[in-house]
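Asks: Supplied structure: coords24.cif, mmCIF, C-alpha atoms.
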```cif
data_query
loop_
_atom_site.label_atom_id
_atom_site.label_comp_id
_atom_site.auth_asym_id
_atom_site.auth_seq_id
_atom_site.Cartn_x
_atom_site.Cartn_y
_atom_site.Cartn_z
CA MET A 12 10.93 8.90 4.94
CA ARG A 13 9.57 5.69 3.43
CA TYR A 14 6.19 5.88 5.11
CA ASN A 15 3.73 8.42 6.38
CA THR A 16 3.21 8.62 10.16
CA ASN A 17 0.58 11.35 10.14
CA LEU A 18 -2.89 10.07 11.08
CA THR A 19 -4.87 12.19 8.64
CA ALA A 20 -8.55 11.76 7.77
CA GLN A 21 -7.81 11.56 4.06
CA PHE A 22 -7.87 7.94 3.00
CA ALA A 23 -6.10 8.58 -0.29
CA GLN A 24 -9.10 9.00 -2.54
CA GLY A 25 -10.08 5.35 -2.33
CA ALA A 26 -7.17 3.63 -0.62
CA SER A 27 -6.17 0.53 -2.54
CA LEU A 28 -6.82 1.63 -6.16
CA ILE A 29 -5.40 -1.63 -7.48
CA ASN A 30 -7.03 -1.54 -10.92
CA GLU A 31 -6.17 2.12 -11.42
CA THR A 32 -2.55 1.47 -10.47
CA LEU A 33 -2.32 -1.40 -12.96
CA VAL A 34 -3.43 1.00 -15.71
CA LEU A 35 -1.21 3.91 -14.68
CA LEU A 36 2.10 2.14 -14.04
CA PRO A 37 2.92 1.16 -17.67
CA ALA A 38 1.70 4.54 -18.96
CA TYR A 39 3.84 6.72 -16.72
CA LYS A 40 7.10 8.16 -18.04
CA GLU A 41 9.69 9.22 -15.49
CA SER A 42 9.98 12.79 -16.80
CA MET A 43 6.24 13.53 -16.52
CA THR A 44 4.90 16.04 -14.01
CA ARG A 45 1.62 15.53 -12.16
CA ARG A 46 -0.27 17.75 -14.54
CA GLN A 47 1.31 16.28 -17.64
CA PHE A 48 0.46 12.74 -16.59
CA SER A 49 -3.14 13.44 -15.60
CA LYS A 50 -3.61 15.25 -18.92
CA TYR A 51 -2.07 12.29 -20.75
CA VAL A 52 -4.40 9.82 -19.01
CA ILE A 53 -7.46 11.93 -19.82
CA GLU A 54 -6.54 12.60 -23.45
CA ASN A 55 -5.74 8.94 -24.15
CA GLY A 56 -8.86 7.60 -22.44
CA LEU A 57 -6.92 5.31 -20.11
CA MET A 58 -9.60 5.48 -17.42
CA PRO A 59 -12.82 5.79 -19.46
CA SER A 60 -15.20 5.08 -16.59
CA CYS A 61 -13.80 7.93 -14.45
CA THR A 62 -14.58 11.63 -14.61
CA GLU A 63 -11.78 14.06 -15.32
CA ARG A 64 -11.93 15.22 -11.71
CA ARG A 65 -11.58 11.66 -10.45
CA ILE A 66 -8.64 11.00 -12.78
CA THR A 67 -6.91 14.16 -11.61
CA ASN A 68 -7.38 13.17 -7.97
CA VAL A 69 -6.15 9.63 -8.50
CA VAL A 70 -3.12 10.62 -10.57
CA GLU A 71 -2.00 13.74 -8.75
CA GLU A 72 -3.05 13.03 -5.15
CA VAL A 73 -2.57 9.26 -4.95
CA PHE A 74 -0.31 7.87 -7.69
CA PHE A 75 2.29 10.61 -7.46
CA LYS A 76 2.19 10.75 -3.67
CA ARG A 77 2.31 6.99 -3.18
CA PHE A 78 4.89 6.11 -5.79
CA VAL A 79 6.66 8.96 -7.59
CA GLU A 80 7.33 11.15 -4.55
CA ARG A 81 8.64 8.20 -2.56
CA ASN A 82 11.05 7.18 -5.30
CA PRO A 83 10.91 8.39 -8.92
CA SER A 84 12.17 4.96 -10.06
CA LEU A 85 9.40 3.08 -8.28
CA PRO A 86 6.79 3.18 -11.10
CA LYS A 87 9.44 1.82 -13.49
CA TRP A 88 10.26 -1.05 -11.12
CA LEU A 89 6.64 -1.98 -10.55
CA ALA A 90 5.78 -1.75 -14.25
CA ALA A 91 8.70 -4.05 -15.07
CA ILE A 92 7.55 -6.56 -12.47
CA ARG A 93 4.05 -6.72 -13.95
CA GLU A 94 5.37 -6.82 -17.50
CA ARG A 95 7.47 -9.86 -16.60
CA GLY A 96 4.35 -11.69 -15.46
CA LEU A 97 4.32 -11.60 -11.67
CA LEU A 98 1.00 -13.07 -10.54
CA LEU A 99 -1.59 -10.49 -9.51
CA GLU A 100 -1.91 -12.17 -6.11
CA GLU A 101 1.77 -11.51 -5.45
CA PHE A 102 1.65 -8.04 -6.96
CA ARG A 103 -1.19 -7.11 -4.61
CA GLN A 104 1.07 -7.98 -1.68
CA ILE A 105 3.57 -5.42 -2.91
CA LEU A 106 0.91 -2.77 -3.56
CA MET A 107 -0.48 -3.37 -0.07
CA VAL A 108 2.80 -2.26 1.48
CA TYR A 109 2.93 0.93 -0.59
CA CYS A 110 -0.69 1.68 0.29
CA ALA A 111 0.04 1.16 3.99
CA ARG A 112 3.16 3.32 3.83
CA ASP A 113 1.03 6.04 2.28
CA ILE A 114 -1.85 5.83 4.78
CA ALA A 115 -0.74 5.76 8.41
CA VAL A 116 -4.11 4.75 9.83
CA TYR A 117 -4.15 1.67 7.58
CA TYR A 118 -0.54 0.81 8.42
CA ASN A 119 -1.25 0.99 12.15
CA PHE A 120 -4.62 -0.75 11.86
CA ILE A 121 -3.00 -3.85 10.37
CA ILE A 122 -0.33 -4.02 13.05
CA GLU A 123 -2.40 -2.95 16.06
CA ALA A 124 -5.81 -4.51 15.29
CA LEU A 125 -5.61 -7.24 12.64
CA ASN A 126 -2.33 -8.86 13.69
CA PRO A 127 -3.34 -9.47 17.33
CA CYS A 128 -6.43 -11.29 16.03
CA ARG A 129 -4.25 -13.43 13.77
CA CYS A 130 -1.89 -14.27 16.61
CA SER A 131 -4.72 -15.25 18.95
CA GLY A 132 -6.12 -17.65 16.36
CA GLN A 133 -9.26 -15.61 15.77
CA GLN A 134 -11.00 -16.71 12.58
CA GLU A 135 -13.33 -13.80 11.91
CA PHE A 136 -12.64 -10.07 11.71
CA ASN A 137 -15.91 -8.22 12.12
CA LYS A 138 -16.26 -4.99 10.17
CA THR A 139 -16.98 -3.19 13.45
CA GLU A 140 -13.34 -3.77 14.44
CA ALA A 141 -12.32 -0.76 12.35
CA ARG A 142 -14.81 1.49 14.11
CA ILE A 143 -13.71 0.22 17.52
CA TYR A 144 -10.09 0.88 16.60
CA LEU A 145 -10.81 4.46 15.51
CA GLU A 146 -12.80 5.12 18.66
CA ARG A 147 -9.81 3.97 20.70
CA LEU A 148 -7.54 6.35 18.82
CA GLN A 149 -10.02 9.13 19.48
CA LYS A 150 -10.06 8.41 23.22
CA GLU A 151 -6.27 8.34 23.29
CA GLY A 152 -6.20 11.78 21.68
CA LYS A 153 -4.39 10.57 18.56
CA ILE A 154 -7.20 11.72 16.25
CA ASN A 155 -10.05 14.19 16.53
CA TRP A 156 -12.51 13.31 13.81
CA LYS A 157 -16.21 13.89 13.33
CA GLU A 158 -18.73 11.05 13.25
CA THR A 159 -19.03 11.19 9.47
CA VAL A 160 -15.26 10.88 9.12
CA HIS A 161 -15.21 7.85 11.42
CA LYS A 162 -17.76 6.12 9.21
CA LYS A 163 -15.87 6.94 6.02
CA ILE A 164 -12.47 5.83 7.30
CA SER A 165 -13.74 2.65 8.95
CA SER A 166 -15.43 1.70 5.68
CA SER A 167 -12.21 2.42 3.76
CA LEU A 168 -10.19 0.30 6.19
CA ASN A 169 -12.50 -2.68 5.72
CA THR A 170 -12.45 -2.25 1.94
CA ALA A 171 -8.65 -2.15 1.86
CA LEU A 172 -8.41 -5.34 3.92
CA LYS A 173 -10.63 -7.12 1.41
CA ASN A 174 -8.96 -5.67 -1.68
CA PHE A 175 -5.55 -6.81 -0.46
CA ASP A 176 -6.75 -10.32 0.46
CA GLN A 177 -6.23 -9.85 4.18
CA VAL A 178 -9.88 -10.51 5.04
CA SER A 179 -12.50 -12.25 2.89
CA SER A 180 -15.74 -10.63 1.75
CA LYS A 181 -17.46 -12.55 4.55
CA GLY A 182 -15.03 -11.36 7.20
CA LYS A 183 -12.82 -14.42 7.48
CA ILE A 184 -9.20 -13.66 8.31
CA LEU A 185 -7.15 -14.99 5.40
CA GLU A 186 -3.76 -16.65 5.55
CA CYS A 187 -0.97 -14.13 5.50
CA ARG A 188 2.12 -15.50 3.80
CA PRO A 189 4.12 -13.23 1.53
CA SER A 190 5.54 -14.96 -1.52
CA ASP A 191 9.25 -15.54 -1.93
CA PHE A 192 9.38 -12.77 -4.53
CA THR A 193 7.62 -10.34 -2.18
CA ILE A 194 10.21 -11.06 0.51
CA LEU A 195 13.09 -10.70 -1.93
CA TYR A 196 11.66 -7.53 -3.46
CA PHE A 197 11.41 -5.71 -0.14
CA LEU A 198 14.75 -7.03 1.08
CA HIS A 199 16.39 -5.45 -1.95
CA GLU A 200 14.23 -2.34 -1.88
CA LEU A 201 15.21 -1.66 1.73
CA HIS A 202 18.86 -2.44 0.97
CA PHE A 203 19.00 -0.04 -1.97
CA ALA A 204 17.23 2.58 0.18
CA GLY A 205 20.37 2.55 2.31
CA LEU A 206 19.30 0.47 5.30
CA SER A 207 21.86 -1.69 7.09
CA ASP A 208 21.32 -5.43 7.26
CA ALA A 209 20.25 -5.11 10.91
CA ALA A 210 17.81 -2.31 10.08
CA ILE A 211 16.29 -4.37 7.27
CA VAL A 212 15.61 -7.30 9.58
CA ASN A 213 14.07 -5.01 12.21
CA ASP A 214 12.02 -2.88 9.82
CA THR A 215 8.37 -2.44 10.86
CA ASP A 216 7.14 -3.09 7.31
CA TRP A 217 7.49 -6.83 7.91
CA GLN A 218 4.78 -6.54 10.54
CA LEU A 219 2.34 -5.74 7.73
CA PHE A 220 2.70 -9.45 6.91
CA ASN A 221 2.58 -10.39 10.60
CA LEU A 222 6.22 -11.46 10.47
CA SER A 223 8.34 -11.33 13.60
CA ARG A 224 12.07 -10.60 13.50
CA GLU A 225 12.78 -14.32 13.75
CA ASP A 226 10.29 -15.00 10.95
CA VAL A 227 12.13 -12.53 8.72
CA ILE A 228 15.51 -14.10 9.46
CA THR A 229 14.10 -17.55 8.73
CA ARG A 230 12.78 -16.43 5.34
CA ILE A 231 16.09 -14.73 4.56
CA MET A 232 18.02 -17.91 5.34
CA ASP A 233 15.55 -20.06 3.39
CA LEU A 234 16.13 -17.92 0.30
CA ASN A 235 19.89 -17.77 0.78
CA ILE A 236 21.98 -17.81 -2.42
CA LYS A 237 19.02 -18.40 -4.77
CA GLY A 238 17.62 -15.03 -3.66
CA GLY A 239 20.58 -13.10 -5.04
CA TYR A 240 22.58 -12.73 -1.83
CA ILE A 241 24.63 -14.72 0.66
CA ALA A 242 23.40 -14.49 4.25
CA GLN A 243 25.38 -15.63 7.29
CA ARG A 244 23.97 -15.83 10.77
CA SER A 245 25.79 -16.02 14.07
CA GLY A 246 23.46 -15.77 17.05
CA ASP A 247 21.52 -12.53 16.73
CA LEU A 248 23.90 -11.18 14.11
CA LEU A 249 22.94 -11.48 10.44
CA VAL A 250 25.26 -10.32 7.68
CA ILE A 251 24.21 -10.26 4.03
CA SER A 252 26.49 -10.08 1.01
CA TRP A 253 24.44 -8.57 -1.79
CA ASN A 254 25.10 -9.77 -5.34
CA HIS A 255 22.97 -7.26 -7.26
CA LYS A 256 24.12 -3.67 -7.65
CA THR A 257 20.77 -2.08 -8.57
CA MET A 258 17.07 -2.78 -8.18
CA GLU A 259 16.77 -3.18 -11.94
CA GLU A 260 19.47 -5.85 -11.84
CA PHE A 261 17.60 -7.70 -9.10
CA ILE A 262 14.32 -7.62 -11.04
CA ASP A 263 16.02 -8.87 -14.20
CA ALA A 264 17.53 -11.77 -12.32
CA ALA A 265 14.49 -12.67 -10.23
CA LEU A 266 11.81 -12.70 -12.96
#
```
Show me the file's structure as structure tokens.
Replies:
Amino acid sequence: MRYNTNLTAQFAQGASLINETLVLLPAYKESMTRRQFSKYVIENGLMPSCTERRITNVVEEVFFKRFVERNPSLPKWLAAIRERGLLLEEFRQILMVYCARDIAVYYNFIIEALNPCRCSGQQEFNKTEARIYLERLQKEGKINWKETVHKKISSSLNTALKNFDQVSSKGKILECRPSDFTILYFLHELHFAGLSDAAIVNDTDWQLFNLSREDVITRIMDLNIKGGYIAQRSGDLLVISWNHKTMEEFIDAAL
């Protein structure tokens, strides 16, 4: 499964972890185990401001769970993308999706709370929205968390929104437009994960960018040919002829 659907109270030891991920991606070697990699990070002082316990948690409970366990090739892909100079703003869009896939409450919060505000034209997203959302989940019987957990998770939700440029530090809802590369990256990632063309278009991940099915099709057609594929549309049917045979081949061609 590409994403976690379990509404747990563990918000992945800090949720976004953008800076930590930027450090860990180029250092990771595909053959490393959890323990080997955390030991490597500690011994080489890659995260000097963190305690050994913090490093172990980040490496073994977040990095491995979010990236390596999903797809052992994923760290290599992401490291190559950064090495080739993808702007941090665009890279954060990609990391946001992996964070959301890892943390179900964040995934759902974007789609069920933030997106409706975007669609209604609301300009501000008050930090209390996260608490209200969690209280609704509690009433619906989807979670059963203590007061202290509600405070922690609502704070983590708000922090993640800011870290991934979805909401400003002052609570303003920011424009949500994934870059062309972000669209192409996830099109190919979903394709190489074995999804059909129809399943790719209908995938719920696009909702993390507040994209409707028609929005996705429009972006696919806009990037036709230059995106590394040939897309043909007839009514509701979309068929894509994929030029690249591997994700590595796509990355080499796109960047």
Asks: For the structure provided, state which residues fall under the PyMOL selection byres ((chain A and resi 133) around 12), and present them as an MDAnalysis selection string.
Replies: chainID A and resid 124:132 134:137 178 182:186
Asks: Just want the 10 Å neighbourhood of Ser223 (chain A), counted on all atoms listed in the file, with same-chain residues fewer than 5 positions away dropped. Output as a ChimeraX atom specification.
Replies: /A:212-215,217-218,228-229
Asks: The PyMOL selection byres ((chain A and resi 51) around 12) on the file shown: which residues, as a list in words?
Replies: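 Matching residues under the PyMOL selection byres ((chain A and resi 51) around 12) are Leu35, Ala38, Tyr39, Lys40, Met43, Thr44, Arg45, Arg46, Gln47, Phe48, Ser49, Lys50, Val52, Ile53, Glu54, Asn55, Gly56, Leu57, Met58, Glu63, Ile66, Thr67 and Val70 of chain A.
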Asks: Tell me, as a PyMOL selection string, which residues lie within 6 Å of region 254-263 of chain A, counting only C-alpha atoms; anything in the same chain fewer than 3 positions away does not count.
Replies: chain A and resi 239-240+266
Asks: If I take CA of Cys187 (chain A) and CA of Arg224 (chain A), how far is one from the other in Å, to one decimal?
Replies: 15.7 Å
